[in-house]
$ cat protein.cif   # mmCIF, C-alpha atoms
data_input
loop_
_atom_site.label_atom_id
_atom_site.label_comp_id
_atom_site.auth_asym_id
_atom_site.auth_seq_id
_atom_site.Cartn_x
_atom_site.Cartn_y
_atom_site.Cartn_z
CA MET A 1 128.80 201.63 38.74
CA PRO A 2 129.66 198.89 41.15
CA LEU A 3 126.91 196.71 42.29
CA ASN A 4 126.58 197.27 45.93
CA LEU A 5 124.60 194.39 47.29
CA SER A 6 124.40 194.32 50.97
CA GLN A 7 125.70 191.15 52.53
CA PRO A 8 122.92 189.07 54.09
CA LYS A 9 123.02 189.40 57.81
CA ARG A 10 124.10 186.30 59.59
CA LYS A 11 121.80 185.18 62.26
CA GLN A 12 122.94 185.74 65.76
CA GLY A 13 122.39 182.12 66.91
CA ILE A 14 120.66 178.90 66.00
CA SER A 15 116.92 179.18 66.16
CA LEU A 16 115.55 177.03 68.95
CA THR A 17 112.16 176.30 67.40
CA PRO A 18 113.15 173.31 65.21
CA LEU A 19 115.09 171.87 68.12
CA ILE A 20 112.06 172.06 70.37
CA ASP A 21 109.90 170.48 67.65
CA VAL A 22 112.16 167.48 67.46
CA VAL A 23 112.56 167.20 71.21
CA PHE A 24 108.81 167.34 71.71
CA ILE A 25 108.29 164.59 69.16
CA LEU A 26 110.89 162.43 70.90
CA LEU A 27 109.31 163.19 74.26
CA LEU A 28 105.86 162.19 73.04
CA PHE A 29 107.25 159.00 71.53
CA PHE A 30 108.95 157.93 74.74
CA MET A 31 106.00 158.94 76.90
CA LEU A 32 103.57 156.88 74.85
CA THR A 33 105.72 153.80 74.35
CA SER A 34 107.29 153.57 77.79
CA SER A 35 106.07 151.01 80.22
CA PHE A 36 106.73 151.29 83.93
CA VAL A 37 104.96 148.11 85.04
CA PRO A 38 107.69 145.96 86.54
CA TRP A 39 106.95 142.54 85.09
CA ARG A 40 108.31 139.54 86.91
CA THR A 41 108.03 135.85 86.21
CA VAL A 42 107.20 132.86 88.37
CA ASP A 43 108.45 129.58 86.98
CA THR A 44 105.90 126.82 86.81
CA PRO A 45 107.87 123.91 85.36
CA LEU A 46 105.66 121.20 83.93
CA SER A 47 106.16 117.50 84.27
CA VAL A 48 106.04 115.40 81.15
CA SER A 49 103.21 113.25 82.42
CA SER A 50 99.75 114.58 83.07
CA GLU A 51 99.82 113.42 86.67
CA PRO A 52 100.04 116.02 89.43
CA MET A 53 103.67 116.85 90.04
CA LEU A 54 103.60 116.43 93.79
CA THR A 55 101.54 114.12 95.92
CA PRO A 56 101.21 114.14 99.71
CA ASP A 57 102.85 110.69 99.85
CA GLU A 58 106.19 112.09 98.84
CA ASN A 59 108.75 113.15 101.40
CA ASP A 60 107.54 116.05 103.46
CA VAL A 61 105.19 117.62 100.97
CA VAL A 62 102.61 119.91 102.53
CA MET A 63 99.52 120.33 100.42
CA LEU A 64 97.74 123.64 100.84
CA THR A 65 94.36 123.96 99.18
CA LEU A 66 92.46 127.09 98.30
CA LYS A 67 88.73 126.48 98.04
CA ALA A 68 87.57 130.04 97.37
CA ASN A 69 88.85 133.59 97.25
CA ASP A 70 87.98 134.12 100.91
CA GLY A 71 91.46 134.37 102.38
CA GLN A 72 91.29 130.86 103.83
CA VAL A 73 93.67 128.03 103.16
CA TRP A 74 92.91 124.39 103.91
CA VAL A 75 95.61 122.08 105.23
CA THR A 76 94.73 118.51 106.22
CA GLY A 77 91.05 119.36 106.48
CA GLU A 78 91.43 122.49 108.59
CA ALA A 79 90.85 126.04 107.46
CA HIS A 80 93.34 128.73 108.39
CA SER A 81 93.40 132.42 107.60
CA LEU A 82 96.02 133.77 105.19
CA SER A 83 96.70 136.56 107.69
CA ASP A 84 97.49 134.10 110.50
CA THR A 85 101.24 134.66 110.58
CA THR A 86 101.77 132.58 113.73
CA TRP A 87 100.22 129.51 112.14
CA PHE A 88 102.23 129.98 108.92
CA GLN A 89 105.48 130.27 110.82
CA ALA A 90 104.70 127.20 112.93
CA LEU A 91 103.86 125.21 109.78
CA ILE A 92 107.04 126.27 108.06
CA VAL A 93 109.20 125.52 111.10
CA ASP A 94 107.62 122.05 111.28
CA HIS A 95 108.49 121.42 107.65
CA ALA A 96 111.71 123.37 107.36
CA LYS A 97 113.02 121.28 104.47
CA GLY A 98 109.62 120.41 103.06
CA THR A 99 107.93 121.44 99.87
CA PHE A 100 104.76 123.50 100.02
CA ALA A 101 102.49 122.62 97.15
CA VAL A 102 99.56 124.90 96.46
CA GLN A 103 96.35 123.55 94.98
CA ALA A 104 93.28 125.44 93.90
CA GLU A 105 89.69 124.43 93.46
CA GLU A 106 87.18 125.82 90.97
CA GLY A 107 86.72 129.57 91.10
CA VAL A 108 89.98 130.45 92.83
CA ASN A 109 91.68 133.21 90.93
CA LEU A 110 95.34 133.72 90.12
CA GLN A 111 95.69 136.56 92.60
CA SER A 112 94.61 134.36 95.52
CA LEU A 113 97.05 131.70 94.43
CA MET A 114 99.92 134.17 94.26
CA SER A 115 98.94 135.68 97.62
CA LEU A 116 99.22 132.28 99.29
CA ALA A 117 102.58 131.64 97.65
CA ASP A 118 103.70 135.09 98.85
CA ARG A 119 102.61 134.39 102.41
CA LEU A 120 104.60 131.15 102.40
CA LYS A 121 107.69 132.89 101.03
CA GLU A 122 107.36 135.78 103.46
CA ASN A 123 107.33 133.40 106.39
CA GLY A 124 110.46 131.60 105.26
CA ALA A 125 109.31 128.67 103.11
CA GLN A 126 112.19 127.50 100.94
CA THR A 127 110.34 125.55 98.29
CA VAL A 128 106.90 126.59 97.13
CA SER A 129 105.30 124.96 94.13
CA ILE A 130 102.31 126.47 92.42
CA ALA A 131 102.59 124.22 89.38
CA ASN A 132 100.33 121.70 91.09
CA ALA A 133 97.43 124.12 90.84
CA PHE A 134 97.64 123.87 87.07
CA THR A 135 98.26 120.16 86.72
CA THR A 136 95.47 118.34 88.47
CA GLU A 137 93.30 115.60 87.04
CA LYS A 138 90.66 118.22 86.39
CA ALA A 139 92.84 119.55 83.60
CA LYS A 140 91.68 116.78 81.32
CA MET B 1 117.53 203.95 66.68
CA LYS B 2 115.95 203.58 70.02
CA ILE B 3 113.08 201.54 68.59
CA ASP B 4 115.53 199.16 66.86
CA GLN B 5 117.34 198.49 70.06
CA LYS B 6 114.12 197.81 71.90
CA PHE B 7 112.98 195.45 69.15
CA ALA B 8 116.27 193.58 69.17
CA ALA B 9 116.13 193.29 72.93
CA LYS B 10 112.61 191.88 72.74
CA ILE B 11 113.60 189.14 70.29
CA LYS B 12 116.54 188.24 72.46
CA ASN B 13 114.28 188.03 75.50
CA ASP B 14 111.84 185.75 73.67
CA GLU B 15 114.61 183.27 72.94
CA ASP B 16 115.87 183.51 76.49
CA ASN B 17 112.41 182.63 77.77
CA MET B 18 112.52 179.38 75.83
CA VAL B 19 115.56 178.09 77.66
CA PRO B 20 113.79 176.97 80.89
CA LEU B 21 111.14 175.27 78.77
CA ILE B 22 113.79 173.37 76.85
CA ASN B 23 115.50 172.46 80.10
CA VAL B 24 112.32 170.92 81.44
CA VAL B 25 111.49 169.15 78.18
CA PHE B 26 114.99 167.70 77.95
CA LEU B 27 114.79 166.55 81.53
CA MET B 28 111.50 164.77 80.84
CA LEU B 29 112.91 163.28 77.66
CA VAL B 30 115.93 161.87 79.48
CA PHE B 31 113.70 160.53 82.27
CA PHE B 32 111.41 158.66 79.90
CA MET B 33 114.33 157.34 77.87
CA VAL B 34 116.15 156.01 80.93
CA ALA B 35 113.34 154.95 83.28
CA GLY B 36 110.85 153.58 80.77
CA GLN B 37 111.07 150.41 78.79
CA ILE B 38 109.83 150.35 75.26
CA ARG B 39 107.64 147.33 74.92
CA LYS B 40 104.97 146.12 72.61
CA ALA B 41 101.52 146.64 74.05
CA ASP B 42 99.50 143.56 74.95
CA PRO B 43 96.69 142.66 72.52
CA ILE B 44 94.18 143.00 75.35
CA PRO B 45 94.57 144.85 78.64
CA VAL B 46 95.70 142.43 81.31
CA ILE B 47 96.46 143.19 84.96
CA PRO B 48 98.69 140.39 86.21
CA PRO B 49 98.57 139.20 89.81
CA THR B 50 100.73 141.13 92.25
CA SER B 51 103.43 139.24 94.06
CA ILE B 52 106.57 139.77 96.11
CA ASN B 53 108.41 137.65 93.58
CA GLU B 54 111.49 139.47 92.22
CA ASN B 55 112.58 137.20 89.37
CA ARG B 56 113.14 139.00 86.14
CA PRO B 57 113.19 137.01 82.92
CA VAL B 58 116.71 136.63 81.55
CA SER B 59 115.50 136.58 77.97
CA ASP B 60 112.36 137.42 76.07
CA PRO B 61 109.87 134.56 75.95
CA ASN B 62 109.80 132.56 72.74
CA VAL B 63 106.03 132.39 72.88
CA LEU B 64 103.80 134.75 74.81
CA ILE B 65 100.31 133.61 75.69
CA VAL B 66 97.96 136.32 76.94
CA VAL B 67 94.73 135.21 78.58
CA GLY B 68 92.16 137.89 79.25
CA THR B 69 89.33 137.96 81.75
CA ASP B 70 86.95 137.11 78.90
CA ARG B 71 88.87 133.80 78.43
CA SER B 72 90.20 134.86 75.05
CA ILE B 73 93.61 133.41 74.24
CA TYR B 74 96.16 135.42 72.32
CA VAL B 75 99.35 133.70 71.28
CA ASP B 76 101.94 136.17 70.04
CA ASP B 77 99.19 138.73 69.40
CA ASN B 78 96.99 136.33 67.41
CA LEU B 79 93.58 135.39 68.74
CA ILE B 80 93.37 131.61 68.58
CA THR B 81 91.31 128.80 70.03
CA LEU B 82 92.57 126.31 72.57
CA ASN B 83 92.96 123.59 69.95
CA GLU B 84 95.37 125.71 67.95
CA VAL B 85 97.76 126.26 70.85
CA LYS B 86 99.56 122.93 70.55
CA PRO B 87 100.28 123.10 66.78
CA TYR B 88 101.43 126.69 67.19
CA LEU B 89 103.84 125.80 70.00
CA GLU B 90 105.19 122.80 68.11
CA GLN B 91 105.83 124.90 65.06
CA ALA B 92 107.47 127.65 67.13
CA PHE B 93 109.70 125.07 68.80
CA GLU B 94 110.71 123.59 65.43
CA THR B 95 111.78 126.97 64.11
CA ALA B 96 113.51 128.10 67.32
CA LEU B 97 117.27 128.50 67.07
CA ASP B 98 118.08 127.76 70.72
CA LYS B 99 115.82 124.89 71.68
CA ASP B 100 117.28 124.46 75.18
CA ALA B 101 116.36 128.00 76.16
CA PHE B 102 112.87 127.80 74.66
CA TRP B 103 110.29 129.01 77.17
CA VAL B 104 106.70 130.08 77.18
CA GLN B 105 105.32 132.96 79.20
CA ILE B 106 101.69 133.11 80.24
CA LYS B 107 100.22 136.48 81.07
CA GLY B 108 96.95 135.95 82.82
CA ASP B 109 94.75 138.48 84.52
CA GLY B 110 94.85 138.36 88.31
CA LEU B 111 91.09 137.85 88.43
CA LEU B 112 91.19 134.91 86.05
CA PRO B 113 90.11 131.64 87.70
CA VAL B 114 92.93 129.11 87.88
CA GLU B 115 90.90 126.39 86.16
CA GLU B 116 90.79 128.53 83.01
CA LEU B 117 94.56 128.17 82.74
CA ARG B 118 94.60 124.41 83.26
CA PRO B 119 93.63 123.49 79.68
CA ILE B 120 96.34 125.85 78.40
CA PHE B 121 98.97 124.27 80.65
CA SER B 122 97.71 120.91 79.49
CA GLU B 123 98.17 121.87 75.84
CA ILE B 124 101.68 123.15 76.54
CA ARG B 125 102.56 119.90 78.28
CA LEU B 126 101.13 117.87 75.40
CA SER B 127 103.34 119.78 72.99
CA GLY B 128 106.33 118.56 75.01
CA LEU B 129 107.40 121.85 76.54
CA THR B 130 108.23 122.10 80.22
CA LYS B 131 109.61 125.62 80.66
CA VAL B 132 106.64 127.78 81.47
CA SER B 133 106.45 130.97 83.51
CA LEU B 134 103.60 133.04 84.82
CA ALA B 135 103.83 136.80 84.62
CA THR B 136 103.37 138.76 87.82
CA GLN B 137 103.92 142.33 88.83
CA LEU B 138 105.58 143.72 91.91
CA GLN B 139 103.34 145.02 94.64
CA ARG B 140 103.06 148.79 94.82
CA GLY B 141 105.54 150.31 97.20
CA GLN B 142 108.11 147.59 96.60
CA GLU B 143 109.27 148.76 93.19
#

$ encode --input "protein.cif" --output "C-alpha coordinates"
Amino acid sequence: MPLNLSQPKRKQGISLTPLIDVVFILLLFFMLTSSFVPWRTVDTPLSVSSEPMLTPDENDVVMLTLKANDGQVWVTGEAHSLSDTTWFQALIVDHAKGTFAVQAEEGVNLQSLMSLADRLKENGAQTVSIANAFTTEKAK
Amino acid sequence: MKIDQKFAAKIKNDEDNMVPLINVVFLMLVFFMVAGQIRKADPIPVIPPTSINENRPVSDPNVLIVVGTDRSIYVDDNLITLNEVKPYLEQAFETALDKDAFWVQIKGDGLLPVEELRPIFSEIRLSGLTKVSLATQLQRGQE
(Lines of atoms letter the chains of each structure in order from A and count residues from 1; the text may use other names and numbers.)
(Lines give C-alpha, C1' and ligand atoms only; values in the text may rest on other atoms or scores of the structure.)
Protein backbone atom coordinates (compact mmCIF):
# COMPACT_ATOMS: atom_id res chain seq x y z
CA MET A 1 0.00 0.00 0.00
CA PRO A 2 1.64 3.21 -1.01
CA LEU A 3 2.17 5.75 1.62
CA ASN A 4 0.10 8.67 0.69
CA LEU A 5 1.40 11.57 2.67
CA SER A 6 -0.11 14.81 1.72
CA GLN A 7 2.38 17.42 0.65
CA PRO A 8 2.65 20.27 3.16
CA LYS A 9 0.89 23.29 1.85
CA ARG A 10 3.16 26.09 0.90
CA LYS A 11 2.31 29.35 2.43
CA GLN A 12 0.76 31.88 0.17
CA GLY A 13 3.21 34.69 1.03
CA ILE A 14 5.80 35.77 3.56
CA SER A 15 4.32 36.47 6.93
CA LEU A 16 4.59 40.15 7.75
CA THR A 17 4.77 39.80 11.53
CA PRO A 18 8.54 39.16 11.88
CA LEU A 19 9.21 41.98 9.46
CA ILE A 20 7.17 44.39 11.54
CA ASP A 21 8.94 43.21 14.70
CA VAL A 22 12.30 44.06 13.24
CA VAL A 23 11.14 47.34 11.76
CA PHE A 24 9.63 48.40 15.07
CA ILE A 25 12.87 47.62 16.88
CA LEU A 26 14.83 49.66 14.35
CA LEU A 27 12.31 52.47 14.62
CA LEU A 28 12.58 52.55 18.41
CA PHE A 29 16.36 52.51 18.21
CA PHE A 30 16.51 55.46 15.83
CA MET A 31 13.83 57.38 17.72
CA LEU A 32 15.66 57.06 21.02
CA THR A 33 19.19 57.70 19.77
CA SER A 34 18.48 60.47 17.28
CA SER A 35 19.30 64.01 18.17
CA PHE A 36 17.75 66.93 16.35
CA VAL A 37 19.46 69.73 18.27
CA PRO A 38 21.56 71.55 15.69
CA TRP A 39 24.85 72.06 17.50
CA ARG A 40 27.11 74.81 16.25
CA THR A 41 30.46 76.02 17.45
CA VAL A 42 31.88 79.45 18.14
CA ASP A 43 35.66 79.59 18.04
CA THR A 44 37.29 81.24 21.01
CA PRO A 45 40.99 81.01 20.20
CA LEU A 46 43.20 81.49 23.23
CA SER A 47 46.39 83.45 23.38
CA VAL A 48 49.42 81.80 24.87
CA SER A 49 49.86 84.44 27.53
CA SER A 50 47.35 85.01 30.29
CA GLU A 51 46.90 88.64 29.34
CA PRO A 52 43.62 89.73 27.77
CA MET A 53 43.81 89.18 24.03
CA LEU A 54 42.62 92.62 23.02
CA THR A 55 43.08 95.94 24.73
CA PRO A 56 41.41 99.24 23.85
CA ASP A 57 44.83 100.70 22.96
CA GLU A 58 45.10 98.54 19.89
CA ASN A 59 43.96 99.76 16.51
CA ASP A 60 40.25 100.37 16.42
CA VAL A 61 39.18 97.92 19.08
CA VAL A 62 35.77 98.65 20.54
CA MET A 63 35.29 97.21 24.00
CA LEU A 64 31.72 96.32 24.87
CA THR A 65 31.06 95.37 28.47
CA LEU A 66 28.13 93.48 29.89
CA LYS A 67 27.57 94.24 33.56
CA ALA A 68 24.43 92.19 34.16
CA ASN A 69 21.84 90.15 32.30
CA ASP A 70 19.62 93.20 31.87
CA GLY A 71 19.91 93.70 28.13
CA GLN A 72 22.28 96.65 28.53
CA VAL A 73 25.73 96.98 27.08
CA TRP A 74 28.30 99.50 28.26
CA VAL A 75 30.59 101.23 25.80
CA THR A 76 32.97 103.95 27.00
CA GLY A 77 30.98 104.46 30.18
CA GLU A 78 27.56 104.71 28.56
CA ALA A 79 24.79 102.15 28.75
CA HIS A 80 22.89 101.20 25.62
CA SER A 81 20.07 98.75 25.09
CA LEU A 82 20.72 95.55 23.14
CA SER A 83 17.53 96.23 21.18
CA ASP A 84 18.75 99.68 20.06
CA THR A 85 19.42 98.78 16.43
CA THR A 86 20.09 102.38 15.37
CA TRP A 87 22.87 102.76 17.91
CA PHE A 88 24.42 99.41 16.94
CA GLN A 89 24.42 100.30 13.27
CA ALA A 90 25.94 103.72 13.95
CA LEU A 91 28.66 102.11 16.09
CA ILE A 92 29.46 99.54 13.46
CA VAL A 93 29.56 102.11 10.66
CA ASP A 94 31.95 104.21 12.75
CA HIS A 95 34.25 101.23 13.20
CA ALA A 96 33.72 99.45 9.90
CA LYS A 97 37.09 97.72 9.99
CA GLY A 98 37.34 97.56 13.76
CA THR A 99 37.22 94.64 16.12
CA PHE A 100 34.39 94.37 18.62
CA ALA A 101 35.60 92.75 21.80
CA VAL A 102 33.00 91.62 24.29
CA GLN A 103 33.74 91.60 28.00
CA ALA A 104 31.59 90.34 30.82
CA GLU A 105 31.50 91.11 34.50
CA GLU A 106 30.53 88.77 37.33
CA GLY A 107 27.11 87.19 36.99
CA VAL A 108 26.69 87.64 33.25
CA ASN A 109 25.64 84.38 31.71
CA LEU A 110 26.69 82.76 28.46
CA GLN A 111 23.36 83.46 26.81
CA SER A 112 23.71 87.23 27.34
CA LEU A 113 27.21 87.10 25.92
CA MET A 114 26.07 85.24 22.82
CA SER A 115 23.09 87.59 22.40
CA LEU A 116 25.41 90.59 22.28
CA ALA A 117 27.69 88.87 19.79
CA ASP A 118 24.61 88.04 17.70
CA ARG A 119 23.41 91.64 17.75
CA LEU A 120 26.82 92.81 16.53
CA LYS A 121 26.86 90.22 13.75
CA GLU A 122 23.29 90.99 12.73
CA ASN A 123 24.13 94.65 12.31
CA GLY A 124 27.12 93.95 10.11
CA ALA A 125 30.14 93.72 12.42
CA GLN A 126 32.94 91.88 10.64
CA THR A 127 35.11 90.87 13.57
CA VAL A 128 33.60 90.02 16.92
CA SER A 129 35.71 88.52 19.67
CA ILE A 130 34.17 86.89 22.68
CA ALA A 131 37.42 85.30 23.80
CA ASN A 132 38.17 88.39 25.86
CA ALA A 133 35.28 87.57 28.17
CA PHE A 134 37.10 84.41 29.19
CA THR A 135 40.62 85.76 29.46
CA THR A 136 40.58 88.65 31.86
CA GLU A 137 42.82 89.13 34.85
CA LYS A 138 40.01 87.81 37.00
CA ALA A 139 40.70 84.39 35.58
CA LYS A 140 43.63 83.96 37.91
CA MET B 1 -16.93 24.99 1.35
CA LYS B 2 -18.47 28.33 1.85
CA ILE B 3 -17.05 28.61 5.37
CA ASP B 4 -13.53 27.80 4.10
CA GLN B 5 -13.69 30.53 1.55
CA LYS B 6 -14.87 33.04 4.11
CA PHE B 7 -12.09 32.02 6.48
CA ALA B 8 -9.45 32.31 3.78
CA ALA B 9 -10.79 35.70 2.80
CA LYS B 10 -10.61 36.86 6.41
CA ILE B 11 -6.95 35.89 6.79
CA LYS B 12 -6.13 37.63 3.55
CA ASN B 13 -7.91 40.76 4.75
CA ASP B 14 -5.98 40.73 8.04
CA GLU B 15 -2.69 40.77 6.18
CA ASP B 16 -3.93 43.47 3.85
CA ASN B 17 -4.80 45.64 6.84
CA MET B 18 -1.19 45.50 7.98
CA VAL B 19 0.13 47.12 4.83
CA PRO B 20 -0.78 50.76 5.70
CA LEU B 21 0.70 50.25 9.15
CA ILE B 22 3.95 49.00 7.66
CA ASN B 23 3.95 51.91 5.24
CA VAL B 24 3.72 54.39 8.08
CA VAL B 25 6.29 52.59 10.21
CA PHE B 26 8.74 52.44 7.31
CA LEU B 27 8.20 56.10 6.61
CA MET B 28 8.97 56.96 10.24
CA LEU B 29 11.99 54.69 10.20
CA VAL B 30 13.41 56.35 7.10
CA PHE B 31 12.72 59.81 8.58
CA PHE B 32 14.56 59.08 11.81
CA MET B 33 17.44 57.43 9.98
CA VAL B 34 17.90 60.35 7.59
CA ALA B 35 16.97 63.40 9.69
CA GLY B 36 18.38 62.36 13.05
CA GLN B 37 21.97 62.13 14.08
CA ILE B 38 23.07 59.36 16.34
CA ARG B 39 25.10 60.91 19.07
CA LYS B 40 26.23 60.00 22.51
CA ALA B 41 24.11 61.64 25.17
CA ASP B 42 25.74 64.26 27.37
CA PRO B 43 26.62 63.12 30.91
CA ILE B 44 24.38 65.86 32.31
CA PRO B 45 21.58 67.73 30.56
CA VAL B 46 22.92 70.97 29.15
CA ILE B 47 21.03 73.60 27.17
CA PRO B 48 23.62 75.59 25.25
CA PRO B 49 23.13 79.28 24.48
CA THR B 50 21.18 80.05 21.34
CA SER B 51 22.91 82.00 18.63
CA ILE B 52 22.61 82.93 14.97
CA ASN B 53 26.04 81.41 14.46
CA GLU B 54 26.01 78.81 11.66
CA ASN B 55 29.46 77.24 11.98
CA ARG B 56 29.41 73.50 12.11
CA PRO B 57 32.44 71.67 13.45
CA VAL B 58 34.44 70.02 10.67
CA SER B 59 35.55 67.20 12.92
CA ASP B 60 34.62 65.75 16.26
CA PRO B 61 36.33 67.48 19.18
CA ASN B 62 39.33 65.68 20.63
CA VAL B 63 38.22 66.59 24.12
CA LEU B 64 34.71 67.54 25.14
CA ILE B 65 34.23 69.49 28.34
CA VAL B 66 30.65 69.70 29.61
CA VAL B 67 29.92 72.25 32.32
CA GLY B 68 26.53 72.02 33.97
CA THR B 69 24.56 74.66 35.82
CA ASP B 70 25.70 73.07 39.08
CA ARG B 71 29.34 73.89 38.09
CA SER B 72 30.22 70.22 37.69
CA ILE B 73 32.87 69.59 35.06
CA TYR B 74 32.74 66.50 32.89
CA VAL B 75 35.64 65.83 30.59
CA ASP B 76 34.85 63.11 28.07
CA ASP B 77 32.05 61.85 30.33
CA ASN B 78 34.22 61.70 33.47
CA LEU B 79 33.41 63.92 36.40
CA ILE B 80 36.65 65.63 37.39
CA THR B 81 37.81 68.59 39.41
CA LEU B 82 39.30 71.73 37.93
CA ASN B 83 42.83 70.71 38.92
CA GLU B 84 42.59 67.52 36.88
CA VAL B 85 41.69 69.31 33.65
CA LYS B 86 45.24 70.31 32.72
CA PRO B 87 46.85 66.86 33.19
CA TYR B 88 43.97 65.28 31.29
CA LEU B 89 44.36 67.67 28.35
CA GLU B 90 48.12 67.22 28.27
CA GLN B 91 47.77 63.48 28.21
CA ALA B 92 45.09 63.64 25.50
CA PHE B 93 47.32 65.89 23.41
CA GLU B 94 50.28 63.52 23.81
CA THR B 95 48.26 60.57 22.56
CA ALA B 96 46.54 62.47 19.74
CA LEU B 97 47.48 61.37 16.23
CA ASP B 98 46.89 64.70 14.49
CA LYS B 99 48.24 67.31 16.86
CA ASP B 100 47.64 70.25 14.50
CA ALA B 101 43.92 69.57 14.36
CA PHE B 102 43.60 69.04 18.11
CA TRP B 103 40.73 71.09 19.49
CA VAL B 104 38.66 71.26 22.62
CA GLN B 105 34.94 71.88 22.71
CA ILE B 106 33.24 73.38 25.74
CA LYS B 107 29.55 72.76 26.19
CA GLY B 108 28.26 75.12 28.80
CA ASP B 109 24.70 75.78 29.81
CA GLY B 110 23.29 79.08 28.57
CA LEU B 111 22.49 80.13 32.13
CA LEU B 112 26.02 79.47 33.35
CA PRO B 113 27.81 82.65 34.48
CA VAL B 114 30.79 83.48 32.30
CA GLU B 115 33.18 83.67 35.25
CA GLU B 116 32.59 79.97 35.91
CA LEU B 117 34.20 79.21 32.57
CA ARG B 118 37.22 81.44 33.10
CA PRO B 119 39.16 78.99 35.29
CA ILE B 120 38.52 76.25 32.71
CA PHE B 121 39.79 78.45 29.88
CA SER B 122 42.74 79.30 32.06
CA GLU B 123 43.55 75.61 32.58
CA ILE B 124 43.27 74.95 28.85
CA ARG B 125 45.63 77.83 28.12
CA LEU B 126 48.09 76.59 30.75
CA SER B 127 48.14 73.19 29.06
CA GLY B 128 49.30 74.96 25.89
CA LEU B 129 46.20 74.50 23.78
CA THR B 130 44.75 77.39 21.81
CA LYS B 131 41.99 75.83 19.70
CA VAL B 132 38.88 76.06 21.80
CA SER B 133 35.25 76.32 20.72
CA LEU B 134 32.04 76.99 22.56
CA ALA B 135 28.97 74.97 21.66
CA THR B 136 25.85 76.88 20.72
CA GLN B 137 22.55 75.94 19.19
CA LEU B 138 20.63 77.61 16.43
CA GLN B 139 17.69 79.76 17.40
CA ARG B 140 14.30 78.17 16.87
CA GLY B 141 12.81 79.03 13.52
CA GLN B 142 16.20 79.33 11.85
CA GLU B 143 16.95 75.62 11.60

$ residues_around --input "protein.cif" --residues "Arg119 in chain A" --least-positions-apart "3" --cutoff "9 Å" --atoms "all atoms listed in the file" --output "JSON, numbers by chain"
{"A": [82, 83, 85, 88, 114, 115, 116, 122, 123, 124, 125]}

$ atom_distance --input "protein.cif" --atom1 "CA of Ser133 in chain B" --atom2 "CA of Ala68 in chain A"
23.4 Å

$ resolve_selection --input "protein.cif" --expression "the PyMOL selection byres ((chain B and resi 37-53) around 7)" --output "ChimeraX atom specification"
/A:33-36,40,110-111,114-115,118 /B:35-36,54-55,68,77,107-110,135-139

$ residues_near_point --input "protein.cif" --point "(111.5, 170.2, 76.1)" --cutoff "12 Å" --atoms "only C-alpha atoms" --output "list in words"
Leu16, Thr17, Pro18, Leu19, Ile20, Asp21, Val22, Val23, Phe24, Ile25, Leu26, Leu27 and Leu28 of chain A; Met18, Val19, Pro20, Leu21, Ile22, Asn23, Val24, Val25, Phe26, Leu27, Met28, Leu29, Val30 and Phe31 of chain B

$ closest_residue --input "protein.cif" --among "A:Gln89, A:Thr41, A:Thr65, A:Ser15" --to "chain B" --atoms "all atoms listed in the file"
A:Thr41

$ resolve_selection --input "protein.cif" --expression "the PyMOL selection byres ((chain B and resi 61) around 8)" --output "PyMOL selection string"
chain B and resi 59-60+62-64+102-105

$ atom_distance --input "protein.cif" --atom1 "CA of Lys121 in chain A" --atom2 "CA of Val37 in chain A"
22.2 Å

$ closest_residue --input "protein.cif" --among "B:Val58, B:Ala92, B:Ile65, B:Met33" --to "chain A" --atoms "only C-alpha atoms"
B:Met33

$ atom_distance --input "protein.cif" --atom1 "CA of Ser81 in chain A" --atom2 "CA of Phe134 in chain A"
22.6 Å

$ closest_residue --input "protein.cif" --among "B:Arg56, B:Asp100, B:Asn17, B:Ile120" --to "chain A" --atoms "only C-alpha atoms"
B:Arg56
